[in-house]
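Everything on this sheet refers to the single structure shown next.
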Amino acid sequence: MQLQLKPWGNSQGVRLPRELLSSAGIKPDDILTAEVQDGAIILKKEFRHRTLRQRAEAYGGRLNLSEEVVWDEPKGNEVW
């Protein structure tokens, strides 16, 4: 795929097609890191920790923290 470099203010910019971004798992407002390796510009999606509120949004805005989870029977001197 060929892309063209265009002026963007005092910088240069490249528009990336939606299909290209989608196949790379990149969405609007994602943070990317840029580096140069062997004369090539590499863009990578940066891992970003989500806040508890952002994680809760994936569950309809609510986290169900009230249910008790039994992991296993006591093995030593644990107090249950």
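Identifiers in this document derive from the order of the structure tokens: chains are assigned A, B, ..., residues are numbered from 1 separately in each chain, and ligands are numbered from 1 in order of occurrence.
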Query raised in the report: What lies within 12 Å of Leu3 (chain A) using only C-alpha atoms, ignoring chain neighbours under 5 positions off, as a list in words?
Result: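 My reading of the contact set: Gly13, Val14, Arg15, Leu16, Pro17 and Leu20 of chain A.
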How would the residues just chosen look if you wrote them out with all heavy atoms as a PDB file, in the first residue's frame?
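Here's the written file again-v8.pdb:
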```pdb
ATOM      1  N   GLY A  13       2.312  14.899   7.484  1.00  0.00           N
ATOM      2  CA  GLY A  13       1.383  13.893   7.963  1.00  0.00           C
ATOM      3  C   GLY A  13       1.058  12.855   6.912  1.00  0.00           C
ATOM      4  O   GLY A  13       1.193  13.099   5.715  1.00  0.00           O
ATOM      5  N   VAL A  14       0.648  11.692   7.368  1.00  0.00           N
ATOM      6  CA  VAL A  14       0.221  10.594   6.502  1.00  0.00           C
ATOM      7  C   VAL A  14      -1.145  10.146   7.002  1.00  0.00           C
ATOM      8  O   VAL A  14      -1.340   9.946   8.197  1.00  0.00           O
ATOM      9  CB  VAL A  14       1.201   9.403   6.572  1.00  0.00           C
ATOM     10  CG1 VAL A  14       0.690   8.220   5.776  1.00  0.00           C
ATOM     11  CG2 VAL A  14       2.580   9.814   6.090  1.00  0.00           C
ATOM     12  N   ARG A  15      -2.093   9.997   6.087  1.00  0.00           N
ATOM     13  CA  ARG A  15      -3.411   9.455   6.458  1.00  0.00           C
ATOM     14  C   ARG A  15      -3.365   7.945   6.301  1.00  0.00           C
ATOM     15  O   ARG A  15      -2.957   7.436   5.261  1.00  0.00           O
ATOM     16  CB  ARG A  15      -4.500  10.025   5.557  1.00  0.00           C
ATOM     17  CG  ARG A  15      -4.802  11.452   5.858  1.00  0.00           C
ATOM     18  CD  ARG A  15      -5.997  11.893   5.074  1.00  0.00           C
ATOM     19  NE  ARG A  15      -6.330  13.262   5.420  1.00  0.00           N
ATOM     20  CZ  ARG A  15      -7.373  13.887   4.954  1.00  0.00           C
ATOM     21  NH1 ARG A  15      -8.193  13.284   4.119  1.00  0.00           N
ATOM     22  NH2 ARG A  15      -7.622  15.130   5.321  1.00  0.00           N
ATOM     23  N   LEU A  16      -3.809   7.270   7.343  1.00  0.00           N
ATOM     24  CA  LEU A  16      -3.811   5.811   7.323  1.00  0.00           C
ATOM     25  C   LEU A  16      -5.241   5.317   7.115  1.00  0.00           C
ATOM     26  O   LEU A  16      -6.144   5.710   7.855  1.00  0.00           O
ATOM     27  CB  LEU A  16      -3.248   5.266   8.640  1.00  0.00           C
ATOM     28  CG  LEU A  16      -1.833   5.732   8.991  1.00  0.00           C
ATOM     29  CD1 LEU A  16      -1.451   5.264  10.380  1.00  0.00           C
ATOM     30  CD2 LEU A  16      -0.834   5.253   7.965  1.00  0.00           C
ATOM     31  N   PRO A  17      -5.459   4.466   6.128  1.00  0.00           N
ATOM     32  CA  PRO A  17      -6.818   3.972   5.865  1.00  0.00           C
ATOM     33  C   PRO A  17      -7.381   3.183   7.049  1.00  0.00           C
ATOM     34  O   PRO A  17      -6.644   2.519   7.784  1.00  0.00           O
ATOM     35  CB  PRO A  17      -6.633   3.051   4.655  1.00  0.00           C
ATOM     36  CG  PRO A  17      -5.345   3.458   4.045  1.00  0.00           C
ATOM     37  CD  PRO A  17      -4.494   3.972   5.156  1.00  0.00           C
ATOM     38  N   LEU A  20      -6.492  -0.516   7.250  1.00  0.00           N
ATOM     39  CA  LEU A  20      -5.134  -0.771   7.725  1.00  0.00           C
ATOM     40  C   LEU A  20      -5.081  -0.696   9.250  1.00  0.00           C
ATOM     41  O   LEU A  20      -4.519  -1.573   9.914  1.00  0.00           O
ATOM     42  CB  LEU A  20      -4.162   0.239   7.110  1.00  0.00           C
ATOM     43  CG  LEU A  20      -2.701   0.113   7.507  1.00  0.00           C
ATOM     44  CD1 LEU A  20      -2.102  -1.146   6.893  1.00  0.00           C
ATOM     45  CD2 LEU A  20      -1.927   1.335   7.039  1.00  0.00           C
TER      46      LEU A  20
END
```
Query raised in the report: Residues at most 9 Å from region 39-55 of chain A, counting only C-alpha atoms, excluding those fewer than 5 positions away in the same chain, as a PyMOL selection string?
Result: chain A and resi 24-26+30-34+61-63
Requested in this report: Measure the distance from CA of Arg18 (chain A) to CA of Gln4 (chain A) in Å and round it to one decimal.
Outcome: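 CA of Gln4 (chain A) lies 15.5 Å from CA of Arg18 (chain A).
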Report task. List every residue of chain A that DSSP, applied to the backbone of this structure, places in strand (DSSP E or B), and write the result as number ranges by chain. Result -> A: 6-8, 11-13, 32-37, 40-45
How would the residues just chosen look if you wrote them out with N, CA and C atoms as a PDB file, in the first residue's frame?
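The resulting part-v7.pdb:
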```pdb
ATOM      1  N   LYS A   6       2.012  14.518   3.315  1.00  0.00           N
ATOM      2  CA  LYS A   6       1.415  15.827   3.014  1.00  0.00           C
ATOM      3  C   LYS A   6       1.755  16.815   4.128  1.00  0.00           C
ATOM      4  N   PRO A   7       1.864  18.099   3.785  1.00  0.00           N
ATOM      5  CA  PRO A   7       2.092  19.103   4.824  1.00  0.00           C
ATOM      6  C   PRO A   7       0.911  19.164   5.794  1.00  0.00           C
ATOM      7  N   TRP A   8       1.233  19.351   7.073  1.00  0.00           N
ATOM      8  CA  TRP A   8       0.217  19.479   8.105  1.00  0.00           C
ATOM      9  C   TRP A   8       0.756  20.486   9.110  1.00  0.00           C
ATOM     10  N   SER A  11       4.505  20.528  10.214  1.00  0.00           N
ATOM     11  CA  SER A  11       4.964  19.139  10.170  1.00  0.00           C
ATOM     12  C   SER A  11       4.511  18.489   8.873  1.00  0.00           C
ATOM     13  N   GLN A  12       4.691  17.193   8.811  1.00  0.00           N
ATOM     14  CA  GLN A  12       4.210  16.388   7.691  1.00  0.00           C
ATOM     15  C   GLN A  12       3.307  15.306   8.253  1.00  0.00           C
ATOM     16  N   GLY A  13       2.312  14.899   7.484  1.00  0.00           N
ATOM     17  CA  GLY A  13       1.383  13.893   7.963  1.00  0.00           C
ATOM     18  C   GLY A  13       1.058  12.855   6.912  1.00  0.00           C
ATOM     19  N   LEU A  32       0.252   5.641  20.131  1.00  0.00           N
ATOM     20  CA  LEU A  32       1.230   4.896  19.340  1.00  0.00           C
ATOM     21  C   LEU A  32       2.628   5.382  19.676  1.00  0.00           C
ATOM     22  N   THR A  33       3.595   4.474  19.621  1.00  0.00           N
ATOM     23  CA  THR A  33       4.988   4.865  19.733  1.00  0.00           C
ATOM     24  C   THR A  33       5.600   4.756  18.349  1.00  0.00           C
ATOM     25  N   ALA A  34       6.499   5.675  18.030  1.00  0.00           N
ATOM     26  CA  ALA A  34       7.163   5.675  16.726  1.00  0.00           C
ATOM     27  C   ALA A  34       8.658   5.514  16.945  1.00  0.00           C
ATOM     28  N   GLU A  35       9.278   4.677  16.131  1.00  0.00           N
ATOM     29  CA  GLU A  35      10.721   4.508  16.187  1.00  0.00           C
ATOM     30  C   GLU A  35      11.238   4.238  14.784  1.00  0.00           C
ATOM     31  N   VAL A  36      12.508   4.470  14.609  1.00  0.00           N
ATOM     32  CA  VAL A  36      13.148   4.226  13.311  1.00  0.00           C
ATOM     33  C   VAL A  36      14.064   3.027  13.462  1.00  0.00           C
ATOM     34  N   GLN A  37      13.881   2.021  12.596  1.00  0.00           N
ATOM     35  CA  GLN A  37      14.728   0.827  12.582  1.00  0.00           C
ATOM     36  C   GLN A  37      15.167   0.572  11.158  1.00  0.00           C
ATOM     37  N   ALA A  40      13.434   2.473   8.474  1.00  0.00           N
ATOM     38  CA  ALA A  40      11.976   2.328   8.373  1.00  0.00           C
ATOM     39  C   ALA A  40      11.334   2.921   9.620  1.00  0.00           C
ATOM     40  N   ILE A  41      10.205   3.577   9.446  1.00  0.00           N
ATOM     41  CA  ILE A  41       9.456   4.122  10.575  1.00  0.00           C
ATOM     42  C   ILE A  41       8.479   3.047  11.041  1.00  0.00           C
ATOM     43  N   ILE A  42       8.580   2.683  12.308  1.00  0.00           N
ATOM     44  CA  ILE A  42       7.737   1.644  12.894  1.00  0.00           C
ATOM     45  C   ILE A  42       6.778   2.301  13.879  1.00  0.00           C
ATOM     46  N   LEU A  43       5.480   2.092  13.699  1.00  0.00           N
ATOM     47  CA  LEU A  43       4.459   2.564  14.634  1.00  0.00           C
ATOM     48  C   LEU A  43       3.937   1.362  15.399  1.00  0.00           C
ATOM     49  N   LYS A  44       3.884   1.480  16.724  1.00  0.00           N
ATOM     50  CA  LYS A  44       3.376   0.396  17.555  1.00  0.00           C
ATOM     51  C   LYS A  44       2.342   0.946  18.522  1.00  0.00           C
ATOM     52  N   LYS A  45       1.308   0.155  18.740  1.00  0.00           N
ATOM     53  CA  LYS A  45       0.291   0.522  19.714  1.00  0.00           C
ATOM     54  C   LYS A  45       0.890   0.334  21.095  1.00  0.00           C
TER      55      LYS A  45
END
```
Report task. Could you give me the residues within region 6-56 of chain A that DSSP places in alpha helix (DSSP H), as a list in words? Result ->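 Written out, the alpha helix (DSSP H) residues of region 6-56 of chain A are Arg18, Glu19, Leu20, Leu21, Ser22, Ser23, Leu52, Arg53, Gln54, Arg55 and Ala56 of chain A.
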